[in-house]
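model-v9.cif (mmCIF, C-alpha atoms) appears below.
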```
data_coords
loop_
_atom_site.label_atom_id
_atom_site.label_comp_id
_atom_site.auth_asym_id
_atom_site.auth_seq_id
_atom_site.Cartn_x
_atom_site.Cartn_y
_atom_site.Cartn_z
CA MET L 13 11.07 -20.58 -23.51
CA LYS L 14 8.48 -22.80 -25.19
CA ARG L 15 7.32 -23.97 -21.78
CA PHE L 16 6.73 -20.43 -20.58
CA SER L 17 5.10 -19.50 -23.85
CA LEU L 18 2.66 -22.35 -23.44
CA LEU L 19 1.98 -21.40 -19.84
CA VAL L 20 1.22 -17.86 -20.77
CA MET L 21 -1.05 -18.82 -23.64
CA ILE L 22 -3.02 -21.03 -21.25
CA ALA L 23 -3.01 -18.24 -18.70
CA ALA L 24 -4.37 -15.94 -21.37
CA LEU L 25 -7.46 -18.11 -21.57
CA LEU L 26 -7.88 -18.38 -17.82
CA PHE L 27 -6.66 -15.04 -16.59
CA PHE L 28 -6.16 -12.37 -19.21
CA ALA L 29 -9.75 -12.40 -20.38
CA GLY L 30 -11.45 -9.08 -21.08
CA CYS L 31 -14.10 -7.82 -18.74
CA GLY L 32 -15.66 -4.47 -17.96
CA GLY L 33 -14.79 -2.30 -15.00
CA GLY L 34 -17.07 -0.80 -12.46
CA GLY L 35 -16.62 2.56 -10.80
CA ASN L 36 -15.05 3.50 -7.50
CA ASP L 37 -14.55 7.15 -6.67
CA TYR L 38 -11.27 6.18 -5.08
CA ASP L 39 -10.00 4.18 -8.01
CA GLN L 40 -7.43 6.92 -8.16
CA TYR L 41 -5.35 4.29 -6.38
CA ASP L 42 -6.72 1.38 -8.35
CA ASP L 43 -6.34 0.17 -11.84
CA SER L 44 -8.17 2.22 -14.45
CA GLY L 45 -10.41 -0.65 -15.49
CA ASP L 46 -11.27 1.05 -18.76
CA SER L 47 -9.82 -1.66 -20.92
CA ASP L 48 -9.58 -5.42 -21.16
CA SER L 49 -8.99 -6.77 -17.70
CA VAL L 50 -6.90 -9.61 -16.46
CA ARG L 51 -8.73 -12.21 -14.47
CA PRO L 52 -6.87 -13.14 -11.33
CA ASP L 53 -7.84 -16.26 -9.50
CA ASN L 54 -11.12 -15.75 -7.65
CA ASP L 55 -9.78 -17.97 -4.91
CA ALA L 56 -6.50 -16.15 -4.84
CA ASP L 57 -6.76 -15.61 -1.13
CA LYS L 58 -6.68 -19.30 -0.32
CA ASP L 59 -4.13 -21.52 -1.88
CA SER L 60 -0.75 -21.84 -3.45
CA ASP L 61 2.41 -19.94 -2.74
CA THR L 62 2.44 -18.01 -5.97
CA GLY L 63 -1.03 -18.62 -7.25
CA ASP L 64 -4.07 -18.64 -5.10
CA ALA L 65 -2.38 -17.95 -1.83
CA VAL L 66 -1.56 -14.44 -1.05
CA THR L 67 0.33 -15.38 2.05
CA PRO L 68 1.99 -18.74 2.57
CA ASP L 69 0.86 -19.45 6.12
CA GLN L 70 -1.61 -16.69 6.88
CA ASP L 71 -5.17 -15.77 6.22
CA ASN L 72 -5.55 -13.32 3.36
CA GLU L 73 -8.18 -11.17 1.76
CA THR L 74 -8.91 -10.45 -1.87
CA PRO L 75 -7.23 -7.91 -4.23
CA ASN L 76 -8.56 -4.68 -5.55
CA SER L 77 -7.91 -2.40 -8.46
CA ASP L 78 -9.49 0.57 -9.84
CA GLU L 79 -12.99 0.62 -11.07
CA THR L 80 -15.00 -1.49 -8.73
CA ASP L 81 -17.30 0.03 -6.20
CA THR L 82 -15.97 -1.14 -2.87
CA GLY L 83 -18.68 0.71 -1.01
CA GLU L 84 -17.92 2.14 2.40
CA PRO L 85 -14.59 1.28 3.98
CA ASP L 86 -14.80 -1.72 6.26
CA ASN L 87 -14.31 -0.27 9.70
CA ASP L 88 -14.44 -3.75 11.15
CA SER L 89 -11.84 -5.11 8.78
CA ASP L 90 -9.70 -7.86 10.22
CA GLY L 91 -6.82 -5.67 9.15
CA GLY L 92 -6.30 -5.04 12.83
CA ASP L 93 -8.36 -2.13 14.00
CA THR L 94 -6.33 0.24 16.11
CA GLY L 95 -8.93 0.08 18.86
CA THR L 96 -12.37 1.60 18.48
CA LYS L 97 -12.38 3.57 15.27
CA PRO L 98 -12.12 7.26 16.18
CA SER L 99 -13.30 10.23 14.19
CA GLU L 100 -10.96 11.65 11.59
CA ASP L 101 -10.41 14.75 13.79
CA PHE L 102 -9.07 12.54 16.57
CA TRP L 103 -5.63 12.35 14.95
CA SER L 104 -5.24 16.13 15.00
CA THR L 105 -5.59 16.26 18.80
CA CYS L 106 -2.92 15.90 21.45
CA GLU L 107 -4.51 12.61 22.48
CA GLY L 108 -4.40 11.45 18.87
CA ILE L 109 -0.74 12.39 18.52
CA ILE L 110 0.12 10.29 21.58
CA ALA L 111 -2.00 7.37 20.35
CA CYS L 112 -0.48 7.57 16.88
CA CYS L 113 3.05 7.54 18.32
CA ASN L 114 2.16 4.35 20.18
CA GLY L 115 1.96 2.63 16.81
CA CYS L 116 5.44 3.66 15.68
CA VAL L 117 8.25 1.15 15.72
CA GLU L 118 10.63 1.86 18.58
CA GLY L 119 13.23 4.42 17.56
CA ASP L 120 11.42 5.50 14.38
CA SER L 121 11.60 9.28 14.76
CA ASP L 122 10.19 9.89 11.26
CA CYS L 123 7.02 8.02 12.19
CA LYS L 124 6.58 10.03 15.37
CA SER L 125 7.29 13.23 13.49
CA ASP L 126 4.47 12.38 11.06
CA CYS L 127 2.12 11.76 13.98
CA TYR L 128 3.00 15.15 15.42
CA GLY L 129 2.59 16.80 12.02
CA ALA L 130 -1.03 15.64 11.82
CA GLY L 131 -1.93 17.74 14.86
CA THR L 132 -3.34 21.26 14.78
CA PRO L 133 -0.99 24.03 16.00
CA GLU L 134 -2.88 24.32 19.28
CA GLU L 135 -2.85 20.58 19.89
CA GLN L 136 0.83 20.36 18.93
CA LEU L 137 1.55 22.99 21.59
CA ASN L 138 -0.42 20.99 24.17
CA TYR L 139 1.52 17.89 23.19
CA ARG L 140 4.90 19.62 23.45
CA ARG L 141 4.14 21.00 26.89
CA TRP L 142 2.89 17.65 28.11
CA ARG L 143 5.86 15.84 26.57
CA GLU L 144 8.41 18.16 28.14
CA CYS L 145 6.83 17.68 31.55
CA PHE L 146 6.40 13.93 31.14
CA ASP L 147 9.99 13.38 29.98
CA GLU L 148 11.29 15.43 32.92
CA LYS L 149 9.03 14.26 35.75
CA CYS L 150 8.35 10.70 34.60
CA ALA L 151 11.67 9.63 33.12
CA GLU L 152 11.80 6.66 35.50
CA ASP L 153 8.07 5.98 35.58
CA LYS L 154 6.52 6.41 32.14
CA THR L 155 2.96 5.68 33.21
CA ALA L 156 -0.37 7.45 32.96
CA GLU L 157 -0.46 7.62 36.76
CA CYS L 158 2.82 9.53 36.86
CA SER L 159 1.58 11.86 34.14
CA ALA L 160 -1.64 12.59 36.00
CA GLU L 161 0.21 13.25 39.24
CA ASN L 162 3.05 15.39 37.92
CA CYS L 163 1.70 16.98 34.71
CA ALA L 164 -1.93 17.42 35.65
CA GLU L 165 -2.77 20.43 33.48
CA TRP L 166 -1.41 19.03 30.24
CA ASP L 167 -2.39 15.49 31.17
CA GLU L 168 -6.03 16.53 31.28
CA LEU L 169 -5.85 18.46 28.01
CA CYS L 170 -4.26 15.48 26.28
CA ASN L 171 -6.45 12.83 27.90
CA VAL L 172 -3.26 10.84 28.50
CA ALA L 173 -4.80 7.83 30.25
CA ASP L 174 -7.05 7.07 27.28
CA ALA L 175 -4.26 7.80 24.80
CA PHE L 176 -1.99 5.31 26.56
CA GLU L 177 -4.72 2.66 26.46
CA TYR L 178 -5.42 3.16 22.77
CA GLU L 179 -4.57 -0.21 21.24
CA VAL L 180 -2.42 -0.12 18.15
CA THR L 181 -2.20 -3.59 16.65
CA ILE L 182 -0.67 -2.57 13.33
CA PRO L 183 2.84 -1.13 13.49
CA ALA L 184 4.14 1.74 11.41
CA PRO L 185 5.90 1.10 9.18
CA TYR L 186 4.16 -2.15 8.26
CA GLY L 187 6.95 -3.34 5.97
CA VAL L 188 9.62 -2.16 3.57
CA VAL L 189 10.63 -2.47 -0.06
CA SER L 190 14.28 -3.38 0.32
CA LYS L 191 14.91 -3.44 -3.42
CA LEU L 192 13.05 -2.02 -6.40
CA LYS L 193 14.68 -2.93 -9.71
CA GLY L 194 12.99 -3.50 -13.06
CA ASP L 195 14.00 -3.18 -16.69
CA PHE L 196 11.08 -3.36 -19.13
CA SER L 197 11.31 -3.26 -22.93
CA TYR L 198 7.60 -3.25 -23.75
CA ILE L 199 4.72 -0.99 -22.72
CA LEU L 200 1.13 -2.14 -23.11
CA ASP L 201 -1.38 0.42 -24.37
CA ASN L 202 -4.29 0.63 -21.93
CA VAL L 203 -4.79 -3.14 -22.05
CA TYR L 204 -3.64 -6.09 -20.01
CA PRO L 205 -1.52 -8.92 -21.43
CA SER L 206 -3.28 -11.25 -23.84
CA SER L 207 -0.17 -13.33 -24.55
CA GLU L 208 3.43 -13.51 -23.41
CA THR L 209 4.10 -10.18 -25.12
CA GLY L 210 5.23 -7.64 -22.59
CA ILE L 211 5.42 -10.07 -19.66
CA LEU L 212 8.57 -10.67 -17.65
CA PHE L 213 8.67 -13.76 -15.46
CA GLU L 214 10.51 -11.99 -12.69
CA SER L 215 9.86 -9.58 -9.85
CA PHE L 216 10.79 -5.92 -9.72
CA VAL L 217 9.96 -5.48 -6.01
CA GLU L 218 11.59 -7.29 -3.11
CA GLY L 219 10.87 -6.78 0.56
CA ASN L 220 8.18 -7.61 3.07
CA VAL L 221 4.67 -6.65 4.10
CA SER L 222 4.23 -7.56 7.75
CA SER L 223 5.83 -11.02 7.93
CA THR L 224 5.05 -11.88 4.30
CA SER L 225 7.88 -11.72 1.79
CA LEU L 226 7.67 -9.99 -1.56
CA PRO L 227 7.73 -11.73 -3.93
CA LEU L 228 6.23 -14.98 -2.69
CA ASN L 229 8.16 -18.17 -3.38
CA GLY L 230 7.69 -19.46 -6.91
CA THR L 231 7.05 -17.80 -10.24
CA THR L 232 6.34 -14.08 -10.45
CA LEU L 233 5.22 -12.09 -13.48
CA SER L 234 5.45 -8.37 -14.13
CA PHE L 235 4.56 -5.92 -16.89
CA VAL L 236 4.10 -2.22 -17.65
CA ARG L 237 0.80 -0.77 -18.78
CA LYS L 238 -0.01 2.75 -19.90
CA GLY L 239 -3.52 3.75 -18.87
CA THR L 240 -5.72 6.33 -17.21
CA ASN L 241 -6.79 6.78 -13.63
CA LYS L 242 -9.49 8.96 -12.09
CA ARG L 243 -7.24 10.50 -9.49
CA ASP L 244 -3.98 10.85 -11.38
CA GLY L 245 -5.05 10.99 -15.03
CA GLU L 246 -2.66 9.32 -17.44
CA VAL L 247 -0.28 6.94 -15.70
CA LEU L 248 2.21 4.14 -16.17
CA ASP L 249 1.37 1.14 -14.01
CA VAL L 250 4.07 -1.40 -13.28
CA TYR L 251 2.48 -4.63 -12.02
CA GLN L 252 3.90 -7.56 -10.11
CA ALA L 253 1.89 -10.65 -9.21
CA PRO L 254 2.54 -14.25 -8.17
CA PHE L 255 1.80 -16.85 -10.83
CA ASP L 256 1.06 -20.52 -10.15
CA SER L 257 2.36 -22.43 -13.17
CA GLN L 258 0.48 -25.59 -12.12
CA SER L 259 -2.97 -24.08 -11.80
CA GLN L 260 -2.23 -21.43 -14.45
CA LYS L 261 -3.60 -18.73 -12.18
CA VAL L 262 -2.38 -15.41 -10.95
CA GLY L 263 -2.70 -14.80 -7.24
CA ASN L 264 -2.19 -12.23 -4.53
CA PRO L 265 -0.89 -9.95 -3.21
CA VAL L 266 -0.14 -7.78 -6.22
CA VAL L 267 2.18 -4.78 -6.23
CA ILE L 268 1.52 -1.72 -8.39
CA LEU L 269 3.99 1.09 -8.93
CA ARG L 270 1.81 3.82 -10.39
CA ILE L 271 3.75 6.66 -12.02
CA LYS L 272 2.04 9.83 -13.20
CA ILE L 273 2.81 10.19 -16.89
CA ASP L 274 4.27 13.68 -16.38
CA SER L 275 6.71 12.20 -13.89
CA ALA L 276 7.75 9.30 -16.14
CA THR L 277 11.11 10.91 -16.84
CA VAL L 278 14.68 10.00 -15.97
CA GLY L 279 15.50 11.16 -12.45
CA THR L 280 14.52 10.69 -8.82
CA HIS L 281 10.82 10.83 -7.89
CA ASP L 282 8.80 10.66 -4.69
CA ILE L 283 6.35 7.93 -3.74
CA GLY L 284 3.50 8.66 -1.35
CA VAL L 285 -0.21 8.89 -0.60
CA LEU L 286 -0.71 12.60 -1.30
CA ASP L 287 -2.02 14.05 -4.56
CA GLU L 288 1.19 15.98 -5.11
CA ASN L 289 3.32 12.84 -5.01
CA SER L 290 4.78 11.68 -8.32
CA ALA L 291 3.97 8.01 -7.83
CA ARG L 292 2.05 5.52 -5.70
CA LEU L 293 3.26 2.15 -4.50
CA ILE L 294 0.32 -0.08 -3.69
CA VAL L 295 0.15 -3.60 -2.26
CA GLY L 296 -3.31 -5.12 -2.46
CA ASP L 297 -5.51 -8.03 -3.38
CA MET L 298 -7.22 -8.07 -6.76
CA ASP L 299 -10.48 -9.62 -7.82
CA GLU L 300 -11.49 -11.11 -11.16
CA HIS L 301 -12.09 -7.67 -12.62
CA PHE L 302 -8.53 -6.60 -11.87
CA THR L 303 -9.91 -4.33 -9.18
CA ILE L 304 -8.19 -3.93 -5.81
CA SER L 305 -10.77 -5.11 -3.33
CA CYS L 306 -8.62 -4.40 -0.29
CA TYR L 307 -5.31 -2.78 0.50
CA HIS L 308 -2.41 -4.15 2.49
CA ALA L 309 -0.05 -1.21 2.25
CA PHE L 310 0.95 2.06 0.61
CA GLY L 311 4.58 3.03 0.09
CA ILE L 312 6.29 6.26 1.14
CA GLY L 313 9.77 7.06 -0.06
CA SER L 314 11.52 7.67 -3.37
CA PHE L 315 12.72 5.80 -6.45
CA SER L 316 14.65 6.48 -9.63
CA ILE L 317 13.70 6.17 -13.27
CA ASP L 318 16.89 5.21 -15.04
CA LYS L 319 15.46 4.83 -18.53
CA ALA L 320 12.22 6.20 -19.97
CA GLU L 321 11.00 5.84 -23.53
CA ILE L 322 7.26 6.17 -23.05
CA LYS L 323 6.16 4.63 -26.30
CA VAL L 324 3.54 1.96 -26.69
CA GLY L 325 4.75 -1.44 -27.83
CA ALA L 326 8.23 -2.80 -28.40
CA GLU L 327 9.74 0.68 -28.67
CA GLY L 328 8.80 1.44 -25.10
CA ARG L 329 11.40 1.31 -22.35
CA LEU L 330 11.18 1.76 -18.60
CA SER L 331 13.87 1.06 -16.03
CA VAL L 332 13.25 1.75 -12.34
CA SER L 333 15.32 1.32 -9.22
CA GLY L 334 15.17 2.15 -5.53
CA SER L 335 15.39 0.85 -1.98
CA GLY L 336 14.27 1.55 1.56
CA ILE L 337 10.69 2.46 0.65
CA GLU L 338 8.59 2.13 3.79
CA LEU L 339 5.18 0.47 3.58
CA PHE L 340 2.25 1.58 5.74
CA HIS L 341 -0.99 -0.21 6.42
CA PRO L 342 -4.06 1.94 5.60
CA GLN L 343 -5.13 1.76 9.24
CA ASN L 344 -1.88 3.27 10.46
CA ILE L 345 -0.33 5.92 8.20
CA PRO L 346 1.19 8.52 10.54
CA GLU L 347 1.50 11.07 7.72
CA LEU L 348 -2.30 11.00 7.51
CA GLY L 349 -2.78 10.89 11.27
CA GLY L 350 -3.15 7.15 11.85
CA ASP L 351 -6.19 5.29 10.54
CA ALA L 352 -6.53 6.63 6.98
CA THR L 353 -9.12 4.24 5.58
CA GLU L 354 -11.81 6.91 5.64
CA THR L 355 -9.50 9.60 4.29
CA LEU L 356 -8.37 7.36 1.45
CA GLY L 357 -11.76 5.74 0.96
CA VAL L 358 -10.31 2.24 0.90
CA GLU L 359 -10.96 -1.09 2.54
CA ALA L 360 -8.03 -2.52 4.44
CA CYS L 361 -6.95 -6.12 4.71
CA SER L 362 -4.19 -7.54 6.83
CA LEU L 363 -1.33 -9.99 6.57
CA ILE L 364 -0.79 -10.07 10.35
#
```
Starting from the file, give its structure as structure tokens.
Amino acid sequence: MKRFSLLVMIAALLFFAGCGGGGNDYDQYDDSGDSDSVRPDNDADKDSDTGDAVTPDQDNETPNSDETDTGEPDNDSDGGDTGTKPSEDFWSTCEGIIACCNGCVEGDSDCKSDCYGAGTPEEQLNYRRWRECFDEKCAEDKTAECSAENCAEWDELCNVADAFEYEVTIPAPYGVVSKLKGDFSYILDNVYPSSETGILFESFVEGNVSSTSLPLNGTTLSFVRKGTNKRDGEVLDVYQAPFDSQSQKVGNPVVILRIKIDSATVGTHDIGVLDENSARLIVGDMDEHFTISCYHAFGIGSFSIDKAEIKVGAEGRLSVSGSGIELFHPQNIPELGGDATETLGVEACSLI
């Protein structure tokens, strides 16, 4: 206990130092940045398993939170562009539906259903008619050539040859939270930890993003913070981050379960990327201002709040649990039609 206490006090000097936030009109997903900020390792994308390195054996980007101006989304992000970046309307077309489905994991009907749902009614009809013909006439030869020969009318409307060639390098889903379990007995009031108070040296999220495991090997810290957010207003943020006890630095990637304060009640709640969702689950890289500089994934699914005493300090209690929450890379979220970086106004980074 004394060892951890010492580590945290040192970390307080190196990491939990106050600093001002900037302003990002999409910090609805980020940290509020309107209070003292933690200072993650500036080189967090380079080194150790639980400190600097975000991914053990892979290149990584930098984190991001909520009040830093990230500028325009990086369309050339090494997050694995799904081919040439199309217009946002592309995903509502029959061609876009086909291209989006190409990025779904084999057998994932929910993913394909989301791709279809992004289409306009007219384009959905075109897709259905093409699909019916293609499945019947090309069951043994699922190629663009067979489509053009046997389903010419719908093939032309859906631009099938180009849709088939559309390169999807990031699968959907991109990962999964296999277990979400946390029991917190302290809630910070719009600040980040300045000592060991409120910190648990354990993870509350287990799973994977691409081929990277959550949490990383080594020490992990987590805490709950009550704050405000431009998109969602008052929220409870549950943070998880790797911590390198040797360098005394917090690294990447970080995980944030952001719960709207009105939804912070005992019961089952949804997690997603839409404004009407009760909570967000974000995996990203954070910079020294505790701002998410790029996003690895957003969660879609549900979780349970098993205990909720939303009081600041030692009287606060929050217990959460869940499993099977799918994670989607910002450049391939079928529910939003595929590449959603422009829609979400975020910069993507990749663990592939």
Restrict the calculation to all atoms listed in the file, then for each residue of segment 194-305 of chain L with any atom at most 8 Å from an atom of segment 328-344 of chain L give the closest atom pair and their distance in Å to one decimal, rows by chain and rising residue number, as a Markdown table.
```
| residue | atom | partner | partner_atom | distance |
| --- | --- | --- | --- | --- |
| L:Gly194 | CA | L:Val332 | CA | 5.3 |
| L:Asp195 | CA | L:Ser331 | CA | 4.3 |
| L:Phe196 | CA | L:Leu330 | CA | 5.1 |
| L:Ser197 | CA | L:Arg329 | CA | 4.6 |
| L:Tyr198 | CA | L:Gly328 | CA | 5.0 |
| L:Ile199 | CA | L:Gly328 | CA | 5.3 |
| L:Val221 | CA | L:Leu339 | CA | 7.2 |
```
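The coordinates place atom CA of Leu200 of chain L at 21.4 Å from atom CA of Gln260 of chain L.
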In Å and to one decimal, atom CA of Ala175 of chain L is distant from atom CA of Ser125 of chain L by 17.1 Å
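Distances here use all atoms listed in the file; by that measure, the residue among L:Gly284, L:Gly350, L:Gly325, L:Gly239 closest to Ile211 of chain L is L:Gly325.
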Could you work out an axis-aligned box for segment 192-202 of chain L, taking every atom the file lists and adding 3 Å on each side, and report centre and edge lengths in Å to one decimal, as AutoDock Vina command-line options?
```
--center_x 5.2 --center_y -1.4 --center_z -15.4 --size_x 25.0 --size_y 10.1 --size_z 24.0
```
Please determine, counting all atoms listed in the file, which residue among L:Phe310, L:Phe302, L:Tyr186, L:Phe216 has the shortest atom-to-atom distance to Leu286 of chain L. L:Phe310
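Distances from L:Glu144, L:Glu161, L:Asp351, L:Asp167 to Ala130 of chain L were compared using only C-alpha atoms, and the smallest one belongs to L:Asp351.
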Using the chain letters and residue numbers of this document, give as an mmCIF file with C-alpha atoms, keeping the file's coordinate frame the residues selected by the PyMOL selection byres ((chain L and resi 238) around 10).
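Okay, result00.cif is ready:
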```
data_model
loop_
_atom_site.group_PDB
_atom_site.id
_atom_site.type_symbol
_atom_site.label_atom_id
_atom_site.label_comp_id
_atom_site.auth_asym_id
_atom_site.auth_seq_id
_atom_site.Cartn_x
_atom_site.Cartn_y
_atom_site.Cartn_z
ATOM 1 C CA SER L 44 -8.170 2.220 -14.450
ATOM 2 C CA ILE L 199 4.720 -0.990 -22.720
ATOM 3 C CA LEU L 200 1.130 -2.140 -23.110
ATOM 4 C CA ASP L 201 -1.380 0.420 -24.370
ATOM 5 C CA ASN L 202 -4.290 0.630 -21.930
ATOM 6 C CA VAL L 203 -4.790 -3.140 -22.050
ATOM 7 C CA TYR L 204 -3.640 -6.090 -20.010
ATOM 8 C CA VAL L 236 4.100 -2.220 -17.650
ATOM 9 C CA ARG L 237 0.800 -0.770 -18.780
ATOM 10 C CA GLY L 239 -3.520 3.750 -18.870
ATOM 11 C CA THR L 240 -5.720 6.330 -17.210
ATOM 12 C CA GLU L 246 -2.660 9.320 -17.440
ATOM 13 C CA VAL L 247 -0.280 6.940 -15.700
ATOM 14 C CA LEU L 248 2.210 4.140 -16.170
ATOM 15 C CA ASP L 249 1.370 1.140 -14.010
ATOM 16 C CA VAL L 250 4.070 -1.400 -13.280
ATOM 17 C CA ARG L 270 1.810 3.820 -10.390
ATOM 18 C CA ILE L 271 3.750 6.660 -12.020
ATOM 19 C CA LYS L 272 2.040 9.830 -13.200
ATOM 20 C CA ILE L 273 2.810 10.190 -16.890
ATOM 21 C CA ILE L 322 7.260 6.170 -23.050
ATOM 22 C CA LYS L 323 6.160 4.630 -26.300
ATOM 23 C CA VAL L 324 3.540 1.960 -26.690
#
```
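Interatomic distance, atom CA of Ala184 of chain L to atom CA of Cys306 of chain L: 18.4 Å.
Evaluating the PyMOL selection byres ((chain L and resi 218) around 7) against the shown model yields Val189, Ser190, Lys191, Leu192, Phe216, Val217, Gly219, Leu226 and Pro227 of chain L.
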Evaluate the PyMOL selection byres ((chain L and resi 251-257) around 8) and report residues as JSON, numbers by chain: {"L": [19, 60, 61, 62, 63, 64, 215, 216, 217, 227, 228, 230, 231, 232, 233, 234, 235, 236, 237, 249, 250, 258, 259, 260, 261, 262, 263, 264, 265, 266, 267, 268, 269]}
Which residues are near Pro346 of chain L? Cut-off 6 Å, only C-alpha atoms, ignore same chain within fewer than 3 positions. Put them as a ChimeraX atom specification. /L:126-127,349-350
Residue subset to file, keeping C-alpha atoms, as a PDB file, keeping the file's coordinate frame:
```
ATOM      1  CA  ASP L 126       4.470  12.380  11.060  1.00  0.00           C
ATOM      2  CA  CYS L 127       2.120  11.760  13.980  1.00  0.00           C
ATOM      3  CA  GLY L 349      -2.780  10.890  11.270  1.00  0.00           C
ATOM      4  CA  GLY L 350      -3.150   7.150  11.850  1.00  0.00           C
TER       5      GLY L 350
END
```
Write out as a list in words each polymer residue whose atoms come within 9 Å of Leu169 of chain L, counting only C-alpha atoms; drop sequence neighbours fewer than 4 positions from it. Cys106, Glu107, Glu135, Asn138, Tyr139, Trp142, Ala164 and Glu165 of chain L
Which residue out of L:Asp122, L:Ala111, L:Thr209, L:Ile182 has the minimum interatomic distance to Ala326 of chain L when only C-alpha atoms are used? L:Thr209
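By only C-alpha atoms, and with residues fewer than 3 positions from Asp282 of chain L along its chain excluded, the set lying at most 10 Å from it is Ile271, Ser275, Glu288, Asn289, Ser290, Ala291, Arg292, Gly311, Ile312, Gly313, Ser314, Phe315, Ser316 and Ile337 of chain L.
Taking all atoms listed in the file into account, Gly108 of chain L lies nearest to L:Thr132 out of the set L:Asn162, L:Thr224, L:Ser207, L:Thr132.
When all atoms listed in the file are used to measure the gap to Thr353 of chain L, the shortest distance among L:Arg243, L:Lys193, L:His308, L:Arg140 belongs to L:His308.
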How would segment 138-156 of chain L look with N, CA and C atoms restored, written as a CSV table (one decimal), in the frame of the given file?
```
chain,number,residue,atom,x,y,z
L,138,ASN,N,0.0,21.8,23.0
L,138,ASN,CA,-0.4,21.0,24.2
L,138,ASN,C,0.5,19.7,24.3
L,139,TYR,N,0.7,19.1,23.2
L,139,TYR,CA,1.5,17.9,23.2
L,139,TYR,C,2.9,18.2,23.6
L,140,ARG,N,3.5,19.3,23.1
L,140,ARG,CA,4.9,19.6,23.4
L,140,ARG,C,5.0,19.9,24.9
L,141,ARG,N,4.1,20.7,25.5
L,141,ARG,CA,4.1,21.0,26.9
L,141,ARG,C,4.0,19.8,27.8
L,142,TRP,N,3.0,18.9,27.4
L,142,TRP,CA,2.9,17.6,28.1
L,142,TRP,C,4.1,16.8,28.0
L,143,ARG,N,4.7,16.7,26.8
L,143,ARG,CA,5.9,15.8,26.6
L,143,ARG,C,7.1,16.3,27.4
L,144,GLU,N,7.3,17.6,27.4
L,144,GLU,CA,8.4,18.2,28.1
L,144,GLU,C,8.3,17.8,29.6
L,145,CYS,N,7.1,18.0,30.1
L,145,CYS,CA,6.8,17.7,31.6
L,145,CYS,C,7.0,16.2,31.8
L,146,PHE,N,6.4,15.4,31.0
L,146,PHE,CA,6.4,13.9,31.1
L,146,PHE,C,7.8,13.4,31.1
L,147,ASP,N,8.6,13.9,30.1
L,147,ASP,CA,10.0,13.4,30.0
L,147,ASP,C,10.8,13.8,31.2
L,148,GLU,N,10.5,15.0,31.8
L,148,GLU,CA,11.3,15.4,32.9
L,148,GLU,C,10.9,14.8,34.2
L,149,LYS,N,9.5,14.7,34.5
L,149,LYS,CA,9.0,14.3,35.8
L,149,LYS,C,8.8,12.7,35.8
L,150,CYS,N,8.7,12.1,34.6
L,150,CYS,CA,8.4,10.7,34.6
L,150,CYS,C,9.4,9.9,33.8
L,151,ALA,N,10.6,10.3,33.8
L,151,ALA,CA,11.7,9.6,33.1
L,151,ALA,C,11.8,8.2,33.6
L,152,GLU,N,11.6,8.0,34.9
L,152,GLU,CA,11.8,6.7,35.5
L,152,GLU,C,10.5,5.9,35.7
L,153,ASP,N,9.4,6.6,35.4
L,153,ASP,CA,8.1,6.0,35.6
L,153,ASP,C,7.1,6.5,34.5
L,154,LYS,N,7.3,5.9,33.3
L,154,LYS,CA,6.5,6.4,32.1
L,154,LYS,C,5.1,5.8,32.1
L,155,THR,N,4.3,6.2,33.1
L,155,THR,CA,3.0,5.7,33.2
L,155,THR,C,2.0,6.8,33.2
L,156,ALA,N,0.7,6.5,32.9
L,156,ALA,CA,-0.4,7.4,33.0
L,156,ALA,C,-0.6,8.0,34.4
```
